[in-house]
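A.B. asks: Here it is, the structure, as C-alpha cells.
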Amino acid sequence: MHIPDGFVDGKTALAAGALAAAGLGVALRTLRRAFPPRRVPLIGLAAAFVFAAQMLNFPVAGGTSGHLIGAVLAAVLLGPSAAVLVMSSVLILQCFMFADGGVTALGANIFNMALVAPGVGYAVFAVVRRIAGESRRSLLLATAFASWCSTVAAAIACAGQLAVSGTVVWGVALPAMAGVHMLIGIGEAVITTLVIAAVAGVRPELLRESAPPEGRPRYAELAAYGLLVSLGLAVFVAPFASGWPDGLERVAAALGFQATAARAPLFAAPLPEYVVPGLGAAVSSTVIAGSVGTLLAFGLAYLLARLLTPPGDAARRGSPRGGAPRASAAA
Amino acid sequence: MPRGAGPRAAALLVHQLLLSPYHHRASPVHRLPAIGKVAGAVALVFTVVLLPRTAWAAYGACGAALVLIAALSRIPAHRLAKKLLLLEPFVLGVAALSLLQPDGTRVFLAMLTKSTLCLFAIVLLSSTTRFSDVLRVLWRLRVPPLLVTSLALMYRYLSLLVDEAARMHRARRSRTFSPGRVLAWRSSATVAAHLFVRSSERAERVYAAMCARGWRT
Amino acid sequence: MRPGVEDVNALEVRALHYRYPDGTLALRGVGLSVAEGERVALVGPNGAGKSTLLLHLNGLLPEHPSGAPAVHVFGTPVVEPHLAAIRAQVGLLFQDPDDQLFCPTVWEDVAFGPQQLGFKEPGLSERVARALAQVGLDGFEDRLPQHLSRGEKRRVCLAGVLACDARVLALDEPTSDLDPRGRRELKALLRSLPVAQIIATHDLELVVETCQRVIVMDDGAIVAEGPPAEVLSDERRMLEHGLEQPHILRHRHPH
C-alpha cells in the first residue's frame, strides 16, 4: 500500500503530511512520558523486526504470496504509541533508502500505515478484549479482527487520498483498494494472529508488558489519535461518502492550488432497491457490502482464534503468572 | 520492494540494496555534503510532483538533470537501471488504476513520468549518500531524538535480523518433509515469533551496553 | 607487576551476594581484588556466575542496590552518584559484540562513550582516531558494523572503551568466537594494554599466555586462586570444576 511519488497531489500531500506529523508528535510525546527508558532500544529493534517480518514468505497460490504490514502486530506487542513510531520508522527508511513509497507521499503513507492502521487496529483490539475477556482465545480473536480492520481502514484512507488527488476516481479507487484489501486483510489477520499465538506460547510475559502501566489514563492518547484519524477520514473520504460539497477542494481553489480532474459518477449500485432515506443508493450498497464483509471477517477471526487456542486455554483467565523471567545477565 | 519474496531471496536483495544502496565512488556528487543532496532530491521530487500534468518540457529538463548527475556520480549505469527496473512494476500497478477514468491515458502517462523521475532521484540519493549521514542531518535539524535513535538502531540491526530470519527459516525447512501451505505459514509465523523474542532480548542487552557506556536518557 | 602497598586496588570486591529475580542464588559471597595494571582471569564452568560478576563491576547489577556496596573501583564505591564516572573508568565488553556495537558507523560507536562524557569536536575525532589506532584499526571510521568481521567488531568495542580512558577492562569471553588469527591478535592486543584487566574466559591458553593470576569460580563462589601455571596444573581440581588442564601446560618443557 505504499503510494509512490506523483500519485497524491500537492494539497493532499500537505494535508496528509500535517496529520502524519501531528500523529507522530503525539506518539513521541506519549513515549517520552510513559515508555520506560530500558525499552527504548526495543523500538528500534522492533522496527527492524517489522521490516524483516514484512519479508517473510506466506505462499498463497501459484507463486504469489501474501505479506504483512505489521501495524497491529507492533501495537499488540508494544502498545499503540510505540507502534506508531515503529511503523513510521519503517516507512521513512523504506522511502529514502528503498524508494518504496514516494517522498511527497510519505505523509500519506505514514497517515495510512502508521496512524490509521495501528490506531484503528488497537482501538478494535481494546474493545474486543474488553468485551470478550482476558483469555487466550479472546486475545487471538481481538488480534485477528483488529488486523483485518486495520488493513481495510488504511486502504480506505489510501483510496480517499488517491481520489481527492484526482489520480484515480473514487468509483474505482474504493473497490480496488478497499475491496482488495478486504481479502488481503484476511492474510494480515492470519499471519499476525499466528505470530502472536506463537509468542504467547513461548513468552507470554512479553505480551503482558505492553499493557499500560496501572492507573495511567490512556484516554488522552487514544482520543488524540481518534481525532487525527477522524479528521483524516473526514478530509479524504467523507466528501465521497456524503455527496456534500468538497470542502477541501473549495479551500484549495481559494488558495490557488491547481484544480483536480472532474470526478466521474459514483460507483453504480448493484442493489438499487436498497435505499436508506437520506443517503443515496450507491452509498447504501457500499455500506451494506462493507457491513457484510466486516461481519464475515469477524466470523473468520473467531474461527481462527478457536483453532489456535490450545485446549484448556479458552476459559483460562490471563496468561501464566510471572513466567520464568530470564535473568538479564548473560551468565 | 518485493515484500513476501521469501527470506533467502529477500536476504540477498536486502544485502544488495540495503547494505549497499550506497555505492562508494570518489565523485563530486559523493563528496557533496549530505544535507545538500537530501535537500536537492526532496526539492526535485516536490517540483516534479507539483508540475502540471502536461509539462513535458519541464519533465524532460528534470530528466536531463538527473542523467547528468548520475553520470557525474560515476555509478555504473546498469546498477542504477537494475534498481529502477526492480521498482517500476509497483508504480505501473498503481498507475494502471488511473486508466479507468475519462482522459485516463493522459493521467496515466503523467503519473508514470512523475513517478519514474522521482524514483530515479531517490535511487541516486541513496546510492550517493550514506544513511548514517542522513541520520546526522536529521539530528542537526533537531528531529526528535527518540525518532532518530529508532531509525539508527533499526538501520544497524536490520541486516542482522534478516540474516537470523533466513537462518531460522532454513533450519526449519530442513526439518520439514512435506511443505504444505499451512505448514509453511505456521513455520514463517514461528520464525517471526522467535525473531521477535530474540530481538527483544537483544534490546535488553543493547540497553545494558548503552548504560555501560554512560548513556543517560 | 605488584604495586606498592600505598596504591589502591583497581578493583575490590568484598562479600558479593546476588540473587536472580526468580530466586536462584548466582553469587555467594564472592571476594577478589585486581591491582592496577594486573591481568586476572576468571574461569569456571557455564553458569558459575562469571558474567554476573562482571555486570556488578560497573553497576549494571544489582538493579535495585541495597545495603553496603560490595564493589569498589579505585576506592570509589560502585553506587550512585558515582556511576557515571565508574562507567567511564570500567570498560565492560559484552560477550556478543553486536550487542555493544549499536551505532550506524564505527566512528559514531567509538565516539559514543566520549560524547556521553561531554567531549566535543575538535578533540573528539582525535580521541576516536587514537583509540582506533591503539587497537590496530586505523582508518576504520567510516566502516559499517555489519561489514566487519567478528574480531574487528570486538576490537571496535575495545576502542570504544579505550576512548573513554578506561582504567579497568572487564571482558566477557573475548576470544570465544574468533578464528586462530583473531585470537592471536586479540591476545597480543590485550598484552599491549597497560590497564588492569579481568577476563572471564573458557580459553585456558589465553589465561596461561596473558594473565598473571587466575580465579576459578564454580556455582557462584570462588574455589581457587593463584598463578595460572599452578592452579591450572592441578588436574584433579580442574576436572572437579568442569574444566581441564590446558595442553599448553601439559607440554611445557622446564626451560
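Scheme for the C-alpha cells: letters A, B, ... for chains in order shown; per-chain residue numbers from 1; ligand numbers from 1 in order shown.
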Compute the set of chain C residues within 9 Å of chain A, using only C-alpha atoms, and express it as a PyMOL selection string.
C.D. replies: chain C and resi 20-22+26+46-53+55+61+94-95
A.B. asks: Keeping only N, CA and C atoms, write those residues as a PDB file, in the first residue's frame.
C.D. replies:
```pdb
ATOM      1  N   TYR C  20      19.111 -13.888  41.477  1.00  0.00           N
ATOM      2  CA  TYR C  20      18.311 -13.536  40.302  1.00  0.00           C
ATOM      3  C   TYR C  20      16.877 -13.237  40.712  1.00  0.00           C
ATOM      4  N   PRO C  21      16.118 -12.518  39.856  1.00  0.00           N
ATOM      5  CA  PRO C  21      14.712 -12.236  40.170  1.00  0.00           C
ATOM      6  C   PRO C  21      13.902 -13.494  40.435  1.00  0.00           C
ATOM      7  N   ASP C  22      14.281 -14.599  39.825  1.00  0.00           N
ATOM      8  CA  ASP C  22      13.469 -15.801  40.062  1.00  0.00           C
ATOM      9  C   ASP C  22      13.943 -16.575  41.293  1.00  0.00           C
ATOM     10  N   ALA C  26      23.031 -16.548  42.541  1.00  0.00           N
ATOM     11  CA  ALA C  26      24.033 -16.522  41.487  1.00  0.00           C
ATOM     12  C   ALA C  26      25.432 -16.308  42.038  1.00  0.00           C
ATOM     13  N   ASN C  46      30.116 -23.137  32.693  1.00  0.00           N
ATOM     14  CA  ASN C  46      28.969 -22.278  32.395  1.00  0.00           C
ATOM     15  C   ASN C  46      28.036 -22.240  33.580  1.00  0.00           C
ATOM     16  N   GLY C  47      27.501 -21.056  33.849  1.00  0.00           N
ATOM     17  CA  GLY C  47      26.584 -20.954  34.979  1.00  0.00           C
ATOM     18  C   GLY C  47      27.284 -20.716  36.294  1.00  0.00           C
ATOM     19  N   ALA C  48      28.617 -20.563  36.270  1.00  0.00           N
ATOM     20  CA  ALA C  48      29.337 -20.351  37.520  1.00  0.00           C
ATOM     21  C   ALA C  48      29.096 -18.965  38.079  1.00  0.00           C
ATOM     22  N   GLY C  49      28.672 -18.040  37.217  1.00  0.00           N
ATOM     23  CA  GLY C  49      28.428 -16.693  37.714  1.00  0.00           C
ATOM     24  C   GLY C  49      29.447 -15.685  37.229  1.00  0.00           C
ATOM     25  N   LYS C  50      30.265 -16.065  36.246  1.00  0.00           N
ATOM     26  CA  LYS C  50      31.326 -15.157  35.788  1.00  0.00           C
ATOM     27  C   LYS C  50      30.746 -13.895  35.177  1.00  0.00           C
ATOM     28  N   SER C  51      29.796 -14.077  34.248  1.00  0.00           N
ATOM     29  CA  SER C  51      29.224 -12.899  33.585  1.00  0.00           C
ATOM     30  C   SER C  51      28.463 -12.038  34.586  1.00  0.00           C
ATOM     31  N   THR C  52      27.754 -12.705  35.502  1.00  0.00           N
ATOM     32  CA  THR C  52      27.002 -11.961  36.504  1.00  0.00           C
ATOM     33  C   THR C  52      27.943 -11.110  37.336  1.00  0.00           C
ATOM     34  N   LEU C  53      29.085 -11.687  37.671  1.00  0.00           N
ATOM     35  CA  LEU C  53      30.062 -10.932  38.456  1.00  0.00           C
ATOM     36  C   LEU C  53      30.536  -9.703  37.685  1.00  0.00           C
ATOM     37  N   LEU C  55      29.017  -7.987  35.495  1.00  0.00           N
ATOM     38  CA  LEU C  55      27.988  -6.957  35.419  1.00  0.00           C
ATOM     39  C   LEU C  55      27.906  -6.131  36.696  1.00  0.00           C
ATOM     40  N   LEU C  61      24.464  -4.361  37.559  1.00  0.00           N
ATOM     41  CA  LEU C  61      23.768  -5.127  38.577  1.00  0.00           C
ATOM     42  C   LEU C  61      24.324  -4.684  39.931  1.00  0.00           C
ATOM     43  N   PHE C  94      30.964  -6.902  26.346  1.00  0.00           N
ATOM     44  CA  PHE C  94      29.996  -7.981  26.411  1.00  0.00           C
ATOM     45  C   PHE C  94      30.426  -9.173  25.556  1.00  0.00           C
ATOM     46  N   GLN C  95      29.773 -10.275  25.804  1.00  0.00           N
ATOM     47  CA  GLN C  95      30.085 -11.500  25.076  1.00  0.00           C
ATOM     48  C   GLN C  95      29.818 -11.361  23.584  1.00  0.00           C
TER      49      GLN C  95
END
```
A.B. asks: Write out as a ChimeraX atom specification every residue belonging to chain B that has an atom at most 12 Å from any atom of chain C, counting only C-alpha atoms.
C.D. replies: /B:15,18-20,22,24,130-136,148-163,198-217
A.B. asks: List every residue of chain A that has an atom at most 7 Å from any atom of chain B, and for each one report the closest atom pair and its distance in Å to one decimal, counting only C-alpha atoms, with rows sorted by chain and then by increasing residue number, as a tab-separated table.
C.D. replies:
```
residue	atom	partner	partner_atom	distance
A:Pro4	CA	B:Ser115	CA	6.4
A:Asp5	CA	B:Ser115	CA	5.0
A:Gly6	CA	B:Val49	CA	5.1
A:Phe7	CA	B:Met111	CA	6.4
A:Asp9	CA	B:Val49	CA	6.8
A:Gly10	CA	B:Leu50	CA	6.1
A:Pro37	CA	B:Thr217	CA	6.8
A:Arg38	CA	B:Tyr207	CA	6.0
A:Pro41	CA	B:Ala203	CA	5.4
A:Leu42	CA	B:Ala203	CA	5.0
A:Ile43	CA	B:Ser150	CA	6.0
A:Gly44	CA	B:Ser150	CA	4.0
A:Leu45	CA	B:Met154	CA	5.6
A:Ala47	CA	B:Met154	CA	5.7
A:Ala48	CA	B:Met154	CA	4.6
A:Phe49	CA	B:Phe196	CA	6.5
A:Ala52	CA	B:Val162	CA	5.5
A:Ala53	CA	B:Ala192	CA	6.2
A:Gln54	CA	B:Arg3	CA	6.1
A:Met55	CA	B:Gly4	CA	4.7
A:Leu56	CA	B:Gly4	CA	5.3
A:Asn57	CA	B:Gly6	CA	4.4
A:Phe58	CA	B:Trp185	CA	5.6
A:Pro59	CA	B:Arg181	CA	6.6
A:Ser65	CA	B:Gly4	CA	5.9
A:Gly66	CA	B:Gly4	CA	6.0
A:His67	CA	B:Gly4	CA	4.8
A:Ser89	CA	B:Leu151	CA	5.7
A:Phe96	CA	B:Ile122	CA	6.5
A:Met97	CA	B:Ser126	CA	5.4
A:Phe98	CA	B:Met1	CA	6.9
A:Ala99	CA	B:Ile122	CA	5.9
A:Asp100	CA	B:Met1	CA	6.0
A:Thr104	CA	B:Phe46	CA	6.4
A:Thr167	CA	B:Ser98	CA	5.8
A:Val168	CA	B:Ser98	CA	4.7
A:Val169	CA	B:Gln101	CA	6.6
A:Ile191	CA	B:Ala189	CA	6.5
A:Leu194	CA	B:Ala189	CA	5.7
A:Val195	CA	B:Ala189	CA	4.8
A:Ala198	CA	B:Ala193	CA	5.8
A:Val199	CA	B:Ala193	CA	5.3
```
A.B. asks: At a cut-off of 7 Å, using only C-alpha atoms, what residues contact segment 173-184 of chain C? Leave out same-chain residues fewer than 5 positions from it and give the result as a tab-separated table (two decimals) with N, CA and C atoms, in the first residue's frame.
C.D. replies:
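In the end it all went to around.tsv:
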```
chain	number	residue	atom	x	y	z
C	95	GLN	N	29.77	-10.27	25.80
C	95	GLN	CA	30.09	-11.50	25.08
C	95	GLN	C	29.82	-11.36	23.58
C	150	ARG	N	34.13	-10.68	13.00
C	150	ARG	CA	33.93	-10.81	14.43
C	150	ARG	C	35.06	-10.17	15.23
C	151	GLY	N	36.28	-10.48	14.81
C	151	GLY	CA	37.44	-9.95	15.52
C	151	GLY	C	37.48	-8.43	15.43
C	200	ALA	N	36.84	-12.91	31.86
C	200	ALA	CA	36.09	-14.16	32.03
C	200	ALA	C	36.25	-14.96	30.74
C	201	THR	N	36.73	-16.20	30.85
C	201	THR	CA	37.02	-16.89	29.60
C	201	THR	C	37.03	-18.40	29.77
C	202	HIS	N	36.80	-19.10	28.66
C	202	HIS	CA	36.99	-20.54	28.61
C	202	HIS	C	38.32	-20.89	27.96
```
A.B. asks: To one decimal in Å, tell me the separation between atom CA of Leu243 of chain C and atom CA of Val43 of chain C.
C.D. replies: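 Atom-to-atom, atom CA of Leu243 of chain C to atom CA of Val43 of chain C, that is 8.4 Å.
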A.B. asks: Might you pull out every residue within 12 Å of His247 of chain C, with only C-alpha atoms counted and same-chain residues fewer than 4 positions away left off, and present them as a list in words?
C.D. replies: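 Using only C-alpha atoms, the neighbours found are Asp203, Leu204, Glu205, Leu206, Val208, Ala229, Leu232, Ser233, Glu235, His251 and Arg252 of chain C.
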A.B. asks: Save the residues we just selected, N, CA and C atoms, as a tab-separated table (two decimals), in the first residue's frame?
C.D. replies:
```tsv
chain	number	residue	atom	x	y	z
C	203	ASP	N	38.95	-19.84	27.41
C	203	ASP	CA	40.16	-20.05	26.63
C	203	ASP	C	41.35	-20.16	27.57
C	204	LEU	N	41.69	-21.37	27.97
C	204	LEU	CA	42.72	-21.54	29.00
C	204	LEU	C	44.10	-21.16	28.48
C	205	GLU	N	44.29	-21.25	27.18
C	205	GLU	CA	45.58	-20.80	26.64
C	205	GLU	C	45.73	-19.30	26.81
C	206	LEU	N	44.63	-18.60	26.61
C	206	LEU	CA	44.66	-17.14	26.83
C	206	LEU	C	45.08	-16.87	28.27
C	208	VAL	N	46.87	-18.72	30.32
C	208	VAL	CA	48.29	-19.01	30.59
C	208	VAL	C	49.19	-17.98	29.93
C	229	ALA	N	49.99	-21.24	36.08
C	229	ALA	CA	50.72	-22.50	35.95
C	229	ALA	C	50.39	-23.43	37.11
C	232	LEU	N	46.11	-24.14	37.22
C	232	LEU	CA	45.58	-24.91	36.11
C	232	LEU	C	46.27	-26.25	35.95
C	233	SER	N	47.40	-26.47	36.64
C	233	SER	CA	48.07	-27.76	36.53
C	233	SER	C	47.45	-28.78	37.45
C	235	GLU	N	45.25	-31.06	37.98
C	235	GLU	CA	44.27	-31.67	37.07
C	235	GLU	C	43.01	-32.11	37.78
C	251	HIS	N	52.44	-29.74	27.96
C	251	HIS	CA	53.62	-29.98	27.12
C	251	HIS	C	54.70	-28.95	27.35
C	252	ARG	N	54.69	-28.36	28.53
C	252	ARG	CA	55.73	-27.36	28.82
C	252	ARG	C	57.02	-28.06	29.17
```
A.B. asks: Please list as a PyMOL selection string every residue within 8 Å of Ala10 of chain C, counting only C-alpha atoms and excluding residues in the same chain fewer than 5 positions away.
C.D. replies: chain C and resi 33-36+73-75+167-168+196
A.B. asks: Skipping near chain neighbours, those fewer than 6 positions away, what residues fall within 10 Å of segment 128-134 of chain C using only C-alpha atoms, listed as a list in words?
C.D. replies: Val106, Trp107, Glu108, Asp109, Val110, Ala111, Phe112, Pro114, Phe140, Glu141, Arg155, Val156, Cys157, Leu158, Ala159, Gly160, Val161, Leu162, Ala163, Cys164, Asp165, Leu189, Ser192 and Leu193 of chain C
A.B. asks: Please produce a file of the residues just selected, as an mmCIF file, in the first residue's frame, where the atoms kept are N, CA and C atoms.
C.D. replies:
```
data_model
loop_
_atom_site.group_PDB
_atom_site.id
_atom_site.type_symbol
_atom_site.label_atom_id
_atom_site.label_comp_id
_atom_site.auth_asym_id
_atom_site.auth_seq_id
_atom_site.Cartn_x
_atom_site.Cartn_y
_atom_site.Cartn_z
ATOM 1 N N VAL C 106 31.379 2.929 12.636
ATOM 2 C CA VAL C 106 32.416 2.690 13.640
ATOM 3 C C VAL C 106 32.759 3.985 14.370
ATOM 4 N N TRP C 107 32.897 5.071 13.597
ATOM 5 C CA TRP C 107 33.251 6.346 14.235
ATOM 6 C C TRP C 107 32.254 6.705 15.325
ATOM 7 N N GLU C 108 30.966 6.623 14.974
ATOM 8 C CA GLU C 108 29.952 7.019 15.948
ATOM 9 C C GLU C 108 29.959 6.119 17.160
ATOM 10 N N ASP C 109 30.284 4.829 16.936
ATOM 11 C CA ASP C 109 30.261 3.925 18.076
ATOM 12 C C ASP C 109 31.402 4.220 19.034
ATOM 13 N N VAL C 110 32.602 4.420 18.465
ATOM 14 C CA VAL C 110 33.736 4.709 19.339
ATOM 15 C C VAL C 110 33.531 6.068 20.007
ATOM 16 N N ALA C 111 32.890 7.005 19.309
ATOM 17 C CA ALA C 111 32.673 8.347 19.858
ATOM 18 C C ALA C 111 31.549 8.374 20.882
ATOM 19 N N PHE C 112 30.738 7.316 20.938
ATOM 20 C CA PHE C 112 29.556 7.331 21.803
ATOM 21 C C PHE C 112 29.910 7.603 23.251
ATOM 22 N N PRO C 114 32.758 8.815 24.739
ATOM 23 C CA PRO C 114 33.251 10.180 24.985
ATOM 24 C C PRO C 114 32.163 11.241 24.873
ATOM 25 N N PHE C 140 39.300 3.025 10.082
ATOM 26 C CA PHE C 140 38.036 2.288 10.034
ATOM 27 C C PHE C 140 36.833 3.157 10.353
ATOM 28 N N GLU C 141 37.057 4.469 10.461
ATOM 29 C CA GLU C 141 35.998 5.349 10.958
ATOM 30 C C GLU C 141 34.683 5.216 10.221
ATOM 31 N N ARG C 155 37.314 -5.551 18.400
ATOM 32 C CA ARG C 155 38.331 -4.515 18.579
ATOM 33 C C ARG C 155 37.707 -3.124 18.572
ATOM 34 N N VAL C 156 36.634 -2.957 17.787
ATOM 35 C CA VAL C 156 35.949 -1.660 17.802
ATOM 36 C C VAL C 156 35.345 -1.428 19.186
ATOM 37 N N CYS C 157 34.754 -2.482 19.767
ATOM 38 C CA CYS C 157 34.193 -2.338 21.116
ATOM 39 C C CYS C 157 35.295 -1.948 22.095
ATOM 40 N N LEU C 158 36.446 -2.566 21.938
ATOM 41 C CA LEU C 158 37.575 -2.244 22.802
ATOM 42 C C LEU C 158 37.971 -0.784 22.608
ATOM 43 N N ALA C 159 38.031 -0.354 21.355
ATOM 44 C CA ALA C 159 38.365 1.044 21.091
ATOM 45 C C ALA C 159 37.360 1.965 21.763
ATOM 46 N N GLY C 160 36.092 1.551 21.747
ATOM 47 C CA GLY C 160 35.042 2.372 22.346
ATOM 48 C C GLY C 160 35.274 2.632 23.824
ATOM 49 N N VAL C 161 35.799 1.605 24.547
ATOM 50 C CA VAL C 161 36.025 1.850 25.978
ATOM 51 C C VAL C 161 37.371 2.524 26.209
ATOM 52 N N LEU C 162 38.328 2.250 25.324
ATOM 53 C CA LEU C 162 39.618 2.924 25.483
ATOM 54 C C LEU C 162 39.477 4.426 25.242
ATOM 55 N N ALA C 163 38.537 4.773 24.352
ATOM 56 C CA ALA C 163 38.332 6.193 24.050
ATOM 57 C C ALA C 163 37.819 6.954 25.266
ATOM 58 N N CYS C 164 37.298 6.241 26.243
ATOM 59 C CA CYS C 164 36.830 6.900 27.458
ATOM 60 C C CYS C 164 37.911 6.902 28.523
ATOM 61 N N ASP C 165 39.159 6.517 28.140
ATOM 62 C CA ASP C 165 40.237 6.438 29.110
ATOM 63 C C ASP C 165 39.911 5.460 30.229
ATOM 64 N N LEU C 189 47.033 -7.874 21.601
ATOM 65 C CA LEU C 189 46.498 -6.566 21.916
ATOM 66 C C LEU C 189 46.311 -6.402 23.426
ATOM 67 N N SER C 192 49.365 -5.784 25.230
ATOM 68 C CA SER C 192 49.977 -4.475 24.995
ATOM 69 C C SER C 192 49.302 -3.354 25.777
ATOM 70 N N LEU C 193 48.124 -3.620 26.335
ATOM 71 C CA LEU C 193 47.412 -2.554 27.044
ATOM 72 C C LEU C 193 47.812 -2.562 28.512
#
```
A.B. asks: Assign secondary structure with DSSP using the backbone only, and return the residues of segment 12-214 of chain B in alpha helix (DSSP H) as a PyMOL selection string.
C.D. replies: chain B and resi 12-14+28-31+34-50+56-73+77-97+104-128+131-140+145-173+181-212
A.B. asks: Keeping only C-alpha atoms, write the selected residues as a compact mmCIF listing (two decimals), in the first residue's frame.
C.D. replies:
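Ended up saving to part.txt:
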```txt
# COMPACT_ATOMS: atom_id res chain seq x y z
CA LEU B 12 20.19 -11.40 -0.88
CA LEU B 13 18.15 -8.48 -2.12
CA VAL B 14 18.43 -6.69 1.16
CA PRO B 28 31.97 15.16 -6.90
CA VAL B 29 28.44 14.06 -6.16
CA HIS B 30 29.56 11.73 -3.39
CA ARG B 31 31.65 14.49 -1.90
CA ALA B 34 24.57 15.03 2.81
CA ILE B 35 22.23 17.87 3.63
CA GLY B 36 22.69 19.30 0.17
CA LYS B 37 21.93 16.02 -1.54
CA VAL B 38 18.87 15.32 0.58
CA ALA B 39 17.55 18.85 0.11
CA GLY B 40 18.21 18.69 -3.61
CA ALA B 41 16.49 15.35 -4.04
CA VAL B 42 13.48 16.42 -1.99
CA ALA B 43 13.24 19.71 -3.88
CA LEU B 44 13.36 17.95 -7.23
CA VAL B 45 10.73 15.44 -6.17
CA PHE B 46 8.39 18.15 -4.96
CA THR B 47 8.92 20.15 -8.15
CA VAL B 48 8.14 17.20 -10.35
CA VAL B 49 5.04 16.33 -8.38
CA LEU B 50 3.72 19.88 -8.37
CA TRP B 56 6.52 17.61 -20.72
CA ALA B 57 9.33 20.03 -21.37
CA ALA B 58 9.87 20.51 -17.68
CA TYR B 59 9.86 16.73 -17.18
CA GLY B 60 12.47 16.45 -19.86
CA ALA B 61 14.64 19.07 -18.20
CA CYS B 62 14.44 17.29 -14.84
CA GLY B 63 15.26 14.00 -16.50
CA ALA B 64 18.27 15.51 -18.21
CA ALA B 65 19.50 16.99 -14.95
CA LEU B 66 19.20 13.62 -13.25
CA VAL B 67 21.06 11.86 -16.03
CA LEU B 68 23.81 14.43 -15.75
CA ILE B 69 24.11 13.92 -12.00
CA ALA B 70 24.11 10.16 -12.50
CA ALA B 71 26.96 10.48 -14.97
CA LEU B 72 28.91 12.72 -12.61
CA SER B 73 28.45 10.26 -9.79
CA ALA B 77 24.58 2.77 -15.32
CA HIS B 78 23.47 -0.84 -15.23
CA ARG B 79 23.38 -0.72 -11.45
CA LEU B 80 21.05 2.23 -11.44
CA ALA B 81 18.97 0.69 -14.20
CA LYS B 82 18.64 -2.55 -12.25
CA LYS B 83 17.34 -0.73 -9.21
CA LEU B 84 14.87 1.27 -11.26
CA LEU B 85 13.59 -1.81 -13.00
CA LEU B 86 13.02 -3.52 -9.67
CA LEU B 87 10.82 -0.67 -8.53
CA GLU B 88 8.89 0.14 -11.70
CA PRO B 89 6.34 -2.71 -11.58
CA PHE B 90 4.78 -1.29 -8.43
CA VAL B 91 4.45 2.12 -9.97
CA LEU B 92 2.90 0.61 -13.05
CA GLY B 93 0.42 -1.32 -10.97
CA VAL B 94 -0.98 1.68 -9.18
CA ALA B 95 -0.79 3.86 -12.25
CA ALA B 96 -2.89 1.37 -14.18
CA LEU B 97 -5.83 2.25 -11.96
CA GLY B 104 -7.22 8.33 -18.29
CA THR B 105 -4.34 7.83 -20.68
CA ARG B 106 -3.03 11.32 -20.16
CA VAL B 107 -3.22 10.91 -16.39
CA PHE B 108 -1.55 7.52 -16.67
CA LEU B 109 1.36 8.83 -18.69
CA ALA B 110 1.82 11.82 -16.42
CA MET B 111 1.76 9.58 -13.31
CA LEU B 112 4.27 7.24 -14.86
CA THR B 113 6.63 10.02 -15.84
CA LYS B 114 6.45 11.78 -12.49
CA SER B 115 6.93 8.59 -10.53
CA THR B 116 9.84 7.40 -12.61
CA LEU B 117 11.63 10.72 -12.34
CA CYS B 118 11.14 10.75 -8.58
CA LEU B 119 12.27 7.13 -8.26
CA PHE B 120 15.40 8.00 -10.19
CA ALA B 121 16.10 10.92 -7.88
CA ILE B 122 15.75 8.80 -4.75
CA VAL B 123 17.77 5.93 -6.16
CA LEU B 124 20.54 8.42 -6.95
CA LEU B 125 20.27 9.88 -3.47
CA SER B 126 20.52 6.54 -1.72
CA SER B 127 23.40 5.47 -3.95
CA THR B 128 25.48 8.53 -3.20
CA PHE B 131 22.23 6.61 5.61
CA SER B 132 24.31 7.40 8.67
CA ASP B 133 24.98 10.82 7.15
CA VAL B 134 21.27 11.30 6.55
CA LEU B 135 20.69 10.47 10.21
CA ARG B 136 23.23 13.06 11.21
CA VAL B 137 21.42 15.62 9.08
CA LEU B 138 18.17 14.75 10.83
CA TRP B 139 19.88 15.10 14.19
CA ARG B 140 21.18 18.52 13.31
CA PRO B 145 15.98 12.22 19.41
CA LEU B 146 13.68 9.26 20.01
CA LEU B 147 12.85 9.11 16.31
CA VAL B 148 16.47 9.41 15.21
CA THR B 149 17.60 6.78 17.72
CA SER B 150 14.90 4.41 16.49
CA LEU B 151 15.91 4.96 12.87
CA ALA B 152 19.58 4.42 13.72
CA LEU B 153 19.03 1.22 15.69
CA MET B 154 16.66 -0.11 13.05
CA TYR B 155 19.21 0.52 10.33
CA ARG B 156 22.01 -1.02 12.35
CA TYR B 157 20.21 -4.25 13.21
CA LEU B 158 18.20 -4.77 10.07
CA SER B 159 20.71 -6.92 8.22
CA LEU B 160 21.37 -8.89 11.40
CA LEU B 161 17.69 -9.68 11.84
CA VAL B 162 17.19 -10.58 8.21
CA ASP B 163 20.15 -12.96 8.44
CA GLU B 164 18.74 -14.50 11.62
CA ALA B 165 15.36 -14.92 9.97
CA ALA B 166 16.91 -16.54 6.93
CA ARG B 167 18.91 -18.93 9.10
CA MET B 168 15.93 -19.91 11.21
CA HIS B 169 13.82 -20.39 8.11
CA ARG B 170 16.47 -22.60 6.54
CA ALA B 171 16.75 -24.67 9.71
CA ARG B 172 13.01 -25.19 9.82
CA ARG B 173 12.78 -26.07 6.15
CA ARG B 181 0.92 -24.31 2.64
CA VAL B 182 -0.42 -24.49 6.15
CA LEU B 183 2.90 -25.71 7.47
CA ALA B 184 4.70 -23.02 5.55
CA TRP B 185 2.54 -20.35 7.16
CA ARG B 186 2.98 -21.79 10.62
CA SER B 187 6.69 -22.11 10.03
CA SER B 188 7.06 -18.50 8.93
CA ALA B 189 4.97 -17.35 11.85
CA THR B 190 7.12 -19.31 14.29
CA VAL B 191 10.24 -17.83 12.75
CA ALA B 192 8.74 -14.38 13.17
CA ALA B 193 7.82 -15.08 16.79
CA HIS B 194 11.30 -16.33 17.65
CA LEU B 195 12.78 -13.39 15.82
CA PHE B 196 10.75 -11.04 17.98
CA VAL B 197 11.71 -12.81 21.18
CA ARG B 198 15.39 -12.69 20.25
CA SER B 199 15.10 -9.07 19.22
CA SER B 200 13.53 -8.13 22.48
CA GLU B 201 16.25 -9.96 24.41
CA ARG B 202 18.85 -8.23 22.30
CA ALA B 203 17.17 -4.90 23.01
CA GLU B 204 17.69 -5.52 26.73
CA ARG B 205 21.37 -6.20 26.14
CA VAL B 206 21.72 -3.14 23.93
CA TYR B 207 20.18 -1.07 26.70
CA ALA B 208 22.70 -2.52 29.15
CA ALA B 209 25.50 -1.77 26.70
CA MET B 210 24.30 1.81 26.27
CA CYS B 211 24.18 2.28 30.04
CA ALA B 212 27.59 0.70 30.40
```
A.B. asks: Do you have the atom CA of Ile156 of chain A-atom CA of Val235 of chain A distance handy?
C.D. replies: 12.1 Å
A.B. asks: Which residues come within 10 Å of Ala159 of chain A, counting only C-alpha atoms, excluding same-chain residues fewer than 4 positions away, as an NGL selection string?
C.D. replies: :A and (153-155 or 163-165 or 167-178 or 236-237)
